[in-house]
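S.K.: Structure supplied as input-v6.tsv; contents: TSV, C-alpha atoms.
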```
chain	number	residue	atom	x	y	z
C	1	MET	CA	13.13	-0.15	-9.50
C	2	GLU	CA	12.03	2.22	-12.23
C	3	LEU	CA	9.03	3.68	-13.94
C	4	SER	CA	8.03	2.59	-17.43
C	5	VAL	CA	5.83	4.39	-19.95
C	6	VAL	CA	3.95	2.76	-22.82
C	7	GLY	CA	2.15	4.81	-25.45
C	8	ASN	CA	2.39	6.70	-28.68
C	9	GLY	CA	5.15	9.18	-29.52
C	10	GLU	CA	3.27	12.22	-28.37
C	11	PHE	CA	2.50	10.71	-24.98
C	12	VAL	CA	5.96	9.38	-24.18
C	13	THR	CA	8.17	12.31	-25.28
C	14	GLY	CA	7.55	14.38	-22.17
C	15	PHE	CA	8.44	11.48	-19.91
C	16	ARG	CA	11.79	11.23	-21.66
C	17	LEU	CA	12.38	14.80	-20.54
C	18	ALA	CA	11.79	13.67	-16.95
C	19	GLY	CA	14.55	11.10	-17.42
C	20	ILE	CA	12.51	7.91	-17.62
C	21	ARG	CA	14.51	5.27	-19.49
C	22	LYS	CA	12.09	2.39	-20.00
C	23	ILE	CA	9.96	4.05	-22.65
C	24	HIS	CA	8.01	1.93	-25.15
C	25	GLU	CA	6.87	4.06	-28.05
C	26	VAL	CA	4.27	1.83	-29.72
C	27	SER	CA	1.36	1.94	-32.10
C	28	ASP	CA	-1.99	0.25	-31.44
C	29	GLU	CA	-0.80	-3.02	-33.03
C	30	ASN	CA	2.18	-3.44	-30.70
C	31	LEU	CA	0.49	-2.09	-27.58
C	32	GLU	CA	-0.54	-5.41	-26.07
C	33	SER	CA	2.84	-7.09	-26.57
C	34	ALA	CA	4.68	-4.05	-25.16
C	35	VAL	CA	2.50	-4.06	-22.04
C	36	LYS	CA	3.04	-7.83	-21.55
C	37	GLU	CA	6.79	-7.30	-21.87
C	38	VAL	CA	6.74	-4.55	-19.24
C	39	ILE	CA	4.69	-6.67	-16.81
C	40	LYS	CA	7.34	-9.41	-16.99
C	41	ASP	CA	10.19	-6.98	-16.27
C	42	PRO	CA	11.08	-7.25	-12.56
C	43	GLU	CA	12.75	-3.82	-12.60
C	44	VAL	CA	9.51	-1.98	-13.38
C	45	GLY	CA	7.62	-0.80	-10.32
C	46	ILE	CA	5.18	1.61	-11.96
C	47	LEU	CA	3.68	1.45	-15.45
C	48	VAL	CA	2.26	4.66	-16.89
C	49	MET	CA	-0.21	4.61	-19.79
C	50	HIS	CA	-2.76	6.87	-21.38
C	51	ASP	CA	-6.32	6.01	-20.44
C	52	ASP	CA	-7.34	5.57	-24.11
C	53	ASP	CA	-4.52	3.06	-24.68
C	54	PHE	CA	-5.48	1.18	-21.51
C	55	ASN	CA	-9.05	0.82	-22.79
C	56	LYS	CA	-7.75	-0.65	-26.08
C	57	LEU	CA	-6.27	-3.63	-24.25
C	58	PRO	CA	-8.22	-6.90	-24.06
C	59	GLN	CA	-10.51	-7.27	-21.04
C	60	ASN	CA	-8.53	-10.05	-19.35
C	61	LEU	CA	-5.29	-8.05	-19.59
C	62	ARG	CA	-7.06	-4.97	-18.22
C	63	ASN	CA	-8.37	-7.00	-15.27
C	64	LYS	CA	-4.87	-8.35	-14.65
C	65	LEU	CA	-3.41	-4.83	-14.71
C	66	ASN	CA	-6.13	-3.51	-12.39
C	67	GLU	CA	-5.29	-6.21	-9.84
C	68	SER	CA	-1.52	-5.87	-10.33
C	69	VAL	CA	0.53	-4.41	-7.52
C	70	GLU	CA	3.98	-4.94	-9.04
C	71	PRO	CA	3.98	-3.12	-11.35
C	72	THR	CA	1.26	-0.69	-10.32
C	73	VAL	CA	-0.53	0.80	-13.31
C	74	VAL	CA	-1.28	4.52	-13.34
C	75	THR	CA	-3.36	5.84	-16.21
C	76	LEU	CA	-3.49	9.47	-17.24
C	77	GLY	CA	-5.76	11.58	-19.35
C	78	GLY	CA	-9.19	10.24	-18.53
C	79	THR	CA	-11.56	9.04	-15.83
C	80	GLY	CA	-10.90	5.35	-16.54
C	81	GLN	CA	-8.68	4.69	-13.55
C	82	SER	CA	-10.99	6.25	-11.05
C	83	SER	CA	-13.99	4.43	-12.48
C	84	ASN	CA	-12.19	1.04	-12.11
C	85	LEU	CA	-11.39	1.82	-8.50
C	86	ARG	CA	-14.89	3.15	-8.01
C	87	GLU	CA	-16.34	-0.19	-9.14
C	88	LYS	CA	-14.01	-2.10	-6.81
C	89	ILE	CA	-15.03	0.14	-3.91
C	90	LYS	CA	-18.72	-0.41	-4.60
C	91	GLN	CA	-18.11	-4.16	-4.77
C	92	SER	CA	-15.99	-4.46	-1.61
C	93	VAL	CA	-17.52	-1.88	0.72
C	94	GLY	CA	-20.99	-1.86	-0.78
C	95	VAL	CA	-21.28	1.93	-1.02
C	96	ASP	CA	-20.06	4.31	-3.72
C	97	LEU	CA	-17.55	6.32	-1.70
C	98	TRP	CA	-15.70	7.92	-4.59
C	99	LYS	CA	-18.33	10.66	-5.12
Y	1	MET	CA	-21.98	-29.99	9.28
Y	2	ALA	CA	-25.03	-32.05	8.45
Y	3	VAL	CA	-27.21	-32.86	11.43
Y	4	GLU	CA	-27.38	-36.54	10.36
Y	5	ASP	CA	-23.59	-36.88	10.74
Y	6	VAL	CA	-23.60	-35.68	14.37
Y	7	LYS	CA	-23.23	-38.31	17.10
Y	8	PRO	CA	-25.69	-37.53	19.93
Y	9	THR	CA	-23.32	-37.95	22.87
Y	10	ARG	CA	-22.44	-35.68	25.81
Y	11	SER	CA	-18.81	-35.37	24.72
Y	12	GLU	CA	-19.91	-34.34	21.25
Y	13	LEU	CA	-22.22	-31.74	22.84
Y	14	LEU	CA	-19.31	-30.32	24.83
Y	15	GLU	CA	-17.14	-30.20	21.70
Y	16	ILE	CA	-19.83	-28.37	19.75
Y	17	LYS	CA	-20.38	-25.88	22.56
Y	18	LYS	CA	-16.64	-25.12	22.51
Y	19	LYS	CA	-16.73	-24.68	18.73
Y	20	ILE	CA	-19.72	-22.32	18.99
Y	21	LYS	CA	-17.87	-20.21	21.59
Y	22	LEU	CA	-14.75	-20.10	19.40
Y	23	SER	CA	-16.74	-19.21	16.28
Y	24	GLU	CA	-18.65	-16.46	18.06
Y	25	ASP	CA	-15.44	-14.96	19.48
Y	26	GLY	CA	-13.80	-15.16	16.04
Y	27	HIS	CA	-16.88	-13.56	14.48
Y	28	LYS	CA	-16.68	-10.60	16.90
Y	29	LEU	CA	-12.97	-10.12	16.21
Y	30	LEU	CA	-13.39	-10.33	12.44
Y	31	LYS	CA	-16.23	-7.79	12.56
Y	32	LYS	CA	-13.95	-5.40	14.46
Y	33	LYS	CA	-11.16	-6.02	11.92
Y	34	ARG	CA	-13.56	-5.36	9.04
Y	35	ASP	CA	-14.77	-2.11	10.63
Y	36	GLY	CA	-11.18	-1.01	11.41
Y	37	LEU	CA	-10.10	-1.71	7.83
Y	38	ILE	CA	-13.03	0.31	6.46
Y	39	LEU	CA	-12.12	3.26	8.72
Y	40	GLU	CA	-8.50	3.13	7.54
Y	41	PHE	CA	-9.80	2.91	3.99
Y	42	PHE	CA	-11.89	6.09	4.42
Y	43	ASP	CA	-8.73	7.90	5.47
Y	44	ILE	CA	-6.72	6.68	2.50
Y	45	LEU	CA	-9.63	7.37	0.12
Y	46	ASN	CA	-9.75	11.06	1.00
Y	47	GLN	CA	-6.01	11.36	0.45
Y	48	ALA	CA	-6.23	9.37	-2.80
Y	49	LYS	CA	-8.94	11.66	-4.21
Y	50	ASP	CA	-6.71	14.69	-3.58
Y	51	VAL	CA	-3.68	12.98	-5.08
Y	52	ARG	CA	-5.67	11.89	-8.16
Y	53	SER	CA	-6.97	15.43	-8.66
Y	54	GLU	CA	-3.43	16.85	-8.38
Y	55	LEU	CA	-2.19	14.21	-10.80
Y	56	ASP	CA	-4.83	15.13	-13.39
Y	57	ASP	CA	-3.94	18.82	-13.06
Y	58	ALA	CA	-0.21	18.09	-13.29
Y	59	TYR	CA	-0.78	16.05	-16.47
Y	60	LYS	CA	-2.79	18.84	-18.10
Y	61	ASP	CA	-0.10	21.36	-17.17
Y	62	ALA	CA	2.73	19.15	-18.43
Y	63	ASN	CA	0.85	18.50	-21.68
Y	64	ASN	CA	0.36	22.25	-22.23
Y	65	LYS	CA	3.97	23.06	-21.51
Y	66	ILE	CA	5.38	20.41	-23.80
Y	67	GLY	CA	2.97	21.55	-26.51
Y	68	ILE	CA	4.34	25.06	-26.18
Y	69	ALA	CA	7.95	23.79	-26.14
Y	70	LYS	CA	7.33	21.73	-29.30
Y	71	SER	CA	5.70	24.62	-31.14
Y	72	VAL	CA	8.46	27.08	-30.20
Y	73	GLU	CA	11.52	24.79	-30.41
Y	74	GLY	CA	10.29	22.08	-32.72
Y	75	THR	CA	9.66	18.39	-32.01
Y	76	ILE	CA	13.17	17.35	-33.05
Y	77	THR	CA	14.85	19.74	-30.60
Y	78	VAL	CA	12.60	18.60	-27.77
Y	79	ASN	CA	13.23	14.92	-28.58
Y	80	SER	CA	16.99	15.35	-28.87
Y	81	THR	CA	17.04	17.23	-25.54
Y	82	ALA	CA	15.09	14.37	-23.99
Y	83	PHE	CA	17.61	11.81	-25.23
Y	84	SER	CA	20.50	13.70	-23.66
Y	85	LEU	CA	19.30	13.28	-20.08
Y	86	LYS	CA	21.70	11.32	-17.92
Y	87	ASP	CA	20.01	10.43	-14.67
Y	88	TYR	CA	16.75	8.52	-14.35
Y	89	PRO	CA	14.15	8.45	-11.57
Y	90	LYS	CA	14.46	5.48	-9.27
Y	91	ILE	CA	11.87	4.13	-6.86
Y	92	HIS	CA	12.39	2.04	-3.73
Y	93	LEU	CA	9.60	-0.03	-2.31
Y	94	GLN	CA	9.29	-0.46	1.41
Y	95	SER	CA	6.54	-2.16	3.35
Y	96	ASN	CA	4.13	-0.57	5.73
Y	97	ASN	CA	1.54	-2.34	7.85
Y	98	ILE	CA	-2.05	-1.11	8.16
Y	99	MET	CA	-4.19	-3.37	10.37
Y	100	GLY	CA	-2.15	-6.38	9.31
Y	101	VAL	CA	-2.26	-5.53	5.61
Y	102	VAL	CA	1.15	-5.06	4.01
Y	103	VAL	CA	1.05	-1.92	1.87
Y	104	PRO	CA	3.86	-0.30	-0.07
Y	105	LYS	CA	5.64	2.89	0.78
Y	106	ILE	CA	7.34	4.20	-2.32
Y	107	GLU	CA	10.41	6.37	-1.98
Y	108	SER	CA	11.89	8.01	-5.00
Y	109	SER	CA	15.22	9.49	-5.91
Y	110	SER	CA	16.56	11.48	-8.86
Y	111	VAL	CA	13.09	12.66	-9.88
Y	112	ARG	CA	13.82	16.36	-9.51
Y	113	LYS	CA	17.13	17.39	-10.91
Y	114	PRO	CA	18.79	20.81	-10.72
Y	115	ILE	CA	18.72	22.53	-14.08
Y	116	ASN	CA	22.48	22.28	-14.55
Y	117	GLN	CA	22.57	18.54	-13.83
Y	118	ARG	CA	19.97	17.39	-16.30
Y	119	GLY	CA	22.42	16.55	-19.03
Y	120	TYR	CA	21.49	19.08	-21.70
Y	121	GLY	CA	23.23	22.41	-22.17
Y	122	ILE	CA	21.23	25.14	-20.50
Y	123	LEU	CA	22.48	27.83	-22.86
Y	124	GLY	CA	21.58	25.86	-25.98
Y	125	THR	CA	17.98	25.22	-24.91
Y	126	SER	CA	15.19	27.62	-24.19
Y	127	SER	CA	13.25	28.14	-21.00
Y	128	TYR	CA	10.20	26.46	-22.61
Y	129	ILE	CA	12.03	23.13	-22.55
Y	130	ASP	CA	13.13	23.76	-18.96
Y	131	GLU	CA	9.53	24.50	-17.96
Y	132	ALA	CA	8.26	21.40	-19.76
Y	133	THR	CA	10.93	19.33	-18.00
Y	134	ASP	CA	9.95	20.83	-14.63
Y	135	ALA	CA	6.30	20.08	-15.33
Y	136	TYR	CA	7.05	16.44	-16.23
Y	137	GLU	CA	9.25	16.04	-13.14
Y	138	THR	CA	6.29	17.27	-11.04
Y	139	LEU	CA	4.03	14.87	-12.94
Y	140	VAL	CA	6.38	11.95	-12.19
Y	141	GLU	CA	6.36	12.85	-8.47
Y	142	ASN	CA	2.55	12.88	-8.53
Y	143	ILE	CA	2.48	9.57	-10.42
Y	144	ILE	CA	4.64	7.97	-7.72
Y	145	GLN	CA	2.33	9.30	-4.98
Y	146	ALA	CA	-0.76	8.13	-6.87
Y	147	ALA	CA	0.78	4.69	-7.41
Y	148	GLU	CA	1.42	4.35	-3.66
Y	149	MET	CA	-2.12	5.50	-2.77
Y	150	GLU	CA	-3.87	3.36	-5.35
Y	151	THR	CA	-1.85	0.23	-4.50
Y	152	THR	CA	-2.65	0.73	-0.81
Y	153	MET	CA	-6.32	1.11	-1.67
Y	154	LYS	CA	-6.36	-2.04	-3.82
Y	155	ARG	CA	-4.74	-4.10	-1.04
Y	156	LEU	CA	-7.09	-2.72	1.61
Y	157	LEU	CA	-10.10	-3.42	-0.60
Y	158	ALA	CA	-8.96	-7.01	-1.20
Y	159	GLU	CA	-8.54	-7.54	2.57
Y	160	ILE	CA	-11.90	-5.89	3.33
Y	161	GLU	CA	-13.62	-8.21	0.85
Y	162	LYS	CA	-11.88	-11.28	2.28
Y	163	THR	CA	-12.77	-10.32	5.87
Y	164	LYS	CA	-16.36	-9.52	4.88
Y	165	ARG	CA	-16.71	-13.01	3.33
Y	166	ARG	CA	-15.35	-14.67	6.49
Y	167	VAL	CA	-17.71	-12.66	8.72
Y	168	ASN	CA	-20.68	-13.59	6.54
Y	169	ALA	CA	-19.61	-17.25	6.35
Y	170	LEU	CA	-19.41	-17.45	10.15
Y	171	GLU	CA	-22.64	-15.52	10.73
Y	172	PHE	CA	-24.85	-17.26	8.16
Y	173	LYS	CA	-23.34	-20.71	7.75
Y	174	VAL	CA	-20.94	-21.97	10.39
Y	175	ILE	CA	-22.56	-20.70	13.60
Y	176	PRO	CA	-26.17	-21.56	12.61
Y	177	GLU	CA	-25.09	-25.10	11.58
Y	178	LEU	CA	-23.23	-25.61	14.85
Y	179	LYS	CA	-26.24	-24.37	16.83
Y	180	GLU	CA	-28.50	-26.68	14.87
Y	181	ALA	CA	-26.22	-29.61	15.67
Y	182	ARG	CA	-26.12	-28.58	19.36
Y	183	ASP	CA	-29.94	-28.40	19.52
Y	184	PHE	CA	-30.23	-31.77	17.79
Y	185	ILE	CA	-27.86	-33.43	20.28
Y	186	LYS	CA	-29.71	-31.88	23.26
Y	187	LEU	CA	-33.00	-33.14	21.84
Y	188	ARG	CA	-31.66	-36.69	21.35
Y	189	LEU	CA	-30.02	-36.76	24.80
Y	190	ASP	CA	-33.28	-35.63	26.44
Y	191	GLU	CA	-35.17	-38.32	24.49
Y	192	MET	CA	-32.67	-40.97	25.54
Y	193	GLU	CA	-32.99	-39.86	29.20
Y	194	ARG	CA	-36.79	-40.07	29.01
Y	195	GLU	CA	-36.58	-43.52	27.41
Y	196	GLY	CA	-34.22	-44.64	30.19
Y	197	THR	CA	-36.52	-43.31	32.93
Y	198	PHE	CA	-39.55	-44.99	31.33
Y	199	ARG	CA	-37.64	-48.33	31.05
Y	200	LEU	CA	-36.66	-48.18	34.74
Y	201	LYS	CA	-40.25	-47.53	35.77
Y	202	LYS	CA	-41.42	-50.49	33.68
Y	203	ILE	CA	-38.80	-52.74	35.21
Y	204	LYS	CA	-39.70	-51.63	38.78
Y	205	LYS	CA	-43.38	-52.30	38.11
Y	206	SER	CA	-42.68	-55.74	36.81
```
As structure tokens - that is how I would like this structure written.

M.R.:
Amino acid sequence: MELSVVGNGEFVTGFRLAGIRKIHEVSDENLESAVKEVIKDPEVGILVMHDDDFNKLPQNLRNKLNESVEPTVVTLGGTGQSSNLREKIKQSVGVDLWK
Amino acid sequence: MAVEDVKPTRSELLEIKKKIKLSEDGHKLLKKKRDGLILEFFDILNQAKDVRSELDDAYKDANNKIGIAKSVEGTITVNSTAFSLKDYPKIHLQSNNIMGVVVPKIESSSVRKPINQRGYGILGTSSYIDEATDAYETLVENIIQAAEMETTMKRLLAEIEKTKRRVNALEFKVIPELKEARDFIKLRLDEMEREGTFRLKKIKKS
């Protein structure tokens, strides 16, 4: 399995240097379709996105990605990821443990 | 289990007593499972916070380094160097078991590559590109660790929520209803016994 990166040119260039092949350089218009394509790919184990791009996706797709285990979504560049997990922790355990 | 649907017989009373015992034993076990899962979760949470913090630092560092490489070498040189890379990072998923929850263990290969095996000529490129590449390789390693941690956490949280619901369902619905049915049957059986005794007395008198 491989990693995949979806984002604008500036975000994805560095990951090309690390050797990642499945790079989707997209603008805001194509973001949603690119993400849906990556989710369907069985070879992708981890999807990397910028936090701002993740927040541009529709709510139902964001919920699906938050629940998704294959591929796992890792967002960079903001506090979005930790706040999603934080909400899940508060909901499941009942206490905010992420402080 | 509505009380009206319960047949007030001794066999039914025995059945319900067995069900109450089973439900109470199951309730105790599920509570232990829930508590064990939460303890495991605490452990993973502390590790995940550290991993997330390292990931954020690695991203900032990688961003800085590629910014420097682009300003010194130019975006085109950096992009063309990126396209010349041969090997790509691969990940292998294995399963681990934490308190009955299947969680992934991610192993990676070809993330870190020696400088002479990356695919671009080391004499033709500057050290800024090498540093940016190093920084992104470190970032990818951290991403893989974070993905493993966060997936494990999501699975544990889902199982904790499921177990919590079962514990609450047993404690507040199933066991009270069974006990209500048991009390109803006992009441009816006692009434029937009293009626029988009274009938016998009447018959003896007459």

S.K.: Name the residues in contact with Leu30 (chain Y) at a cut-off of 10 Å, using only C-alpha atoms, excluding same-chain residues fewer than 2 positions from it; report them as a list in words.

M.R.: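 So, after excluding close chain neighbours, the residues are Glu24, Asp25, Gly26, His27, Lys28, Lys32, Lys33, Arg34, Asp35, Gly36, Thr163, Lys164, Arg166, Val167, Asn168 and Leu170 of chain Y.
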
S.K.: Compile a residue-level contact table for chain C against chain Y at a cut-off of 8 Å, reporting for every qualifying residue the shortest atom pair and its distance in Å to one decimal, with all atoms listed in the file counted, rows ordered by chain and ascending number, as a tab-separated table.

M.R.:
```
residue	atom	partner	partner_atom	distance
C:Met1	CA	Y:Ile91	CA	5.2
C:Glu2	CA	Y:Lys90	CA	5.0
C:Leu3	CA	Y:Lys90	CA	7.4
C:Thr13	CA	Y:Asn79	CA	6.6
C:Gly14	CA	Y:Tyr136	CA	6.3
C:Phe15	CA	Y:Tyr136	CA	6.3
C:Arg16	CA	Y:Ala82	CA	5.1
C:Leu17	CA	Y:Ala82	CA	4.4
C:Ala18	CA	Y:Glu137	CA	5.2
C:Gly19	CA	Y:Tyr88	CA	4.6
C:Ile20	CA	Y:Tyr88	CA	5.4
C:Arg21	CA	Y:Tyr88	CA	6.5
C:Gly45	CA	Y:Ile91	CA	7.4
C:Ile46	CA	Y:Ala147	CA	7.0
C:Glu67	CA	Y:Lys154	CA	7.4
C:Val69	CA	Y:Thr151	CA	6.0
C:Thr72	CA	Y:Ala147	CA	6.1
C:Val73	CA	Y:Ala147	CA	7.2
C:Val74	CA	Y:Ala147	CA	6.3
C:Leu76	CA	Y:Asp56	CA	7.0
C:Gly77	CA	Y:Asp56	CA	7.0
C:Leu85	CA	Y:Lys154	CA	7.9
C:Lys88	CA	Y:Leu157	CA	7.5
C:Ile89	CA	Y:Leu157	CA	6.9
C:Ser92	CA	Y:Glu161	CA	5.1
C:Val93	CA	Y:Ile160	CA	7.4
C:Trp98	CA	Y:Leu45	CA	7.7
```

S.K.: Using only C-alpha atoms for the distances, tell me which of C:Val5, C:Glu87, C:Glu10, C:Arg62 is nearest to Ala34 (chain C).

M.R.: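 So, comparing all the options, the nearest one is C:Val5.
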
S.K.: At what distance in Å, to one decimal, does CA of Leu29 (chain Y) lie from CA of Arg182 (chain Y)?

M.R.: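 Spanning CA of Arg182 (chain Y) to CA of Leu29 (chain Y) is a straight-line distance of 22.9 Å.
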
S.K.: So that I can check the surroundings of region 54-58 of chain C, please list as a short mmCIF file (atom, residue, chain, number, x, y, z; two decimals) with C-alpha atoms, keeping the file's coordinate frame every protein, DNA and RNA residue that reaches within 9 Å of it, counting all atoms listed in the file and ignoring chain neighbours fewer than 4 positions away.

M.R.:
```cif
data_model
loop_
_atom_site.label_atom_id
_atom_site.label_comp_id
_atom_site.auth_asym_id
_atom_site.auth_seq_id
_atom_site.Cartn_x
_atom_site.Cartn_y
_atom_site.Cartn_z
CA ASP C 28 -1.99 0.25 -31.44
CA LEU C 31 0.49 -2.09 -27.58
CA GLU C 32 -0.54 -5.41 -26.07
CA MET C 49 -0.21 4.61 -19.79
CA HIS C 50 -2.76 6.87 -21.38
CA ARG C 62 -7.06 -4.97 -18.22
CA ASN C 63 -8.37 -7.00 -15.27
CA THR C 75 -3.36 5.84 -16.21
CA GLY C 80 -10.90 5.35 -16.54
#
```

S.K.: Restricting the calculation to all atoms listed in the file: of C:Lys64, C:Gln59, C:Ile23, C:Leu97, which residue gets closest to Ile39 (chain C)?

M.R.: C:Lys64

S.K.: In terms of the shortest atom-to-atom distance over only C-alpha atoms, which of Y:Leu189, Y:Ala69, Y:Ile20, Y:Val51 is closest to Glu171 (chain Y)?

M.R.: Y:Ile20

S.K.: Given the choices C:Glu37, C:Glu29, C:Val48, C:Pro42, which gets closest to Phe11 (chain C) if the distance is worked out from only C-alpha atoms?

M.R.: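 With only C-alpha atoms as the atom set, the closest residue is C:Val48.
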
S.K.: Here's a test: counting all atoms listed in the file, identify every protein, DNA and RNA residue with an atom at most 12 Å from (-19.5, -33.7, 17.7) in the file's coordinate frame, and state them as a ChimeraX atom specification.

M.R.: /Y:1-20,177-186

S.K.: Have a look at CA of Lys21 (chain Y) and CA of Arg188 (chain Y) and let me know their distance in Å, one decimal.

M.R.: 21.5 Å

S.K.: Rounded to one decimal in Å, what is the spacing between CA of Glu70 (chain C) and CA of Asp53 (chain C)?

M.R.: 19.5 Å
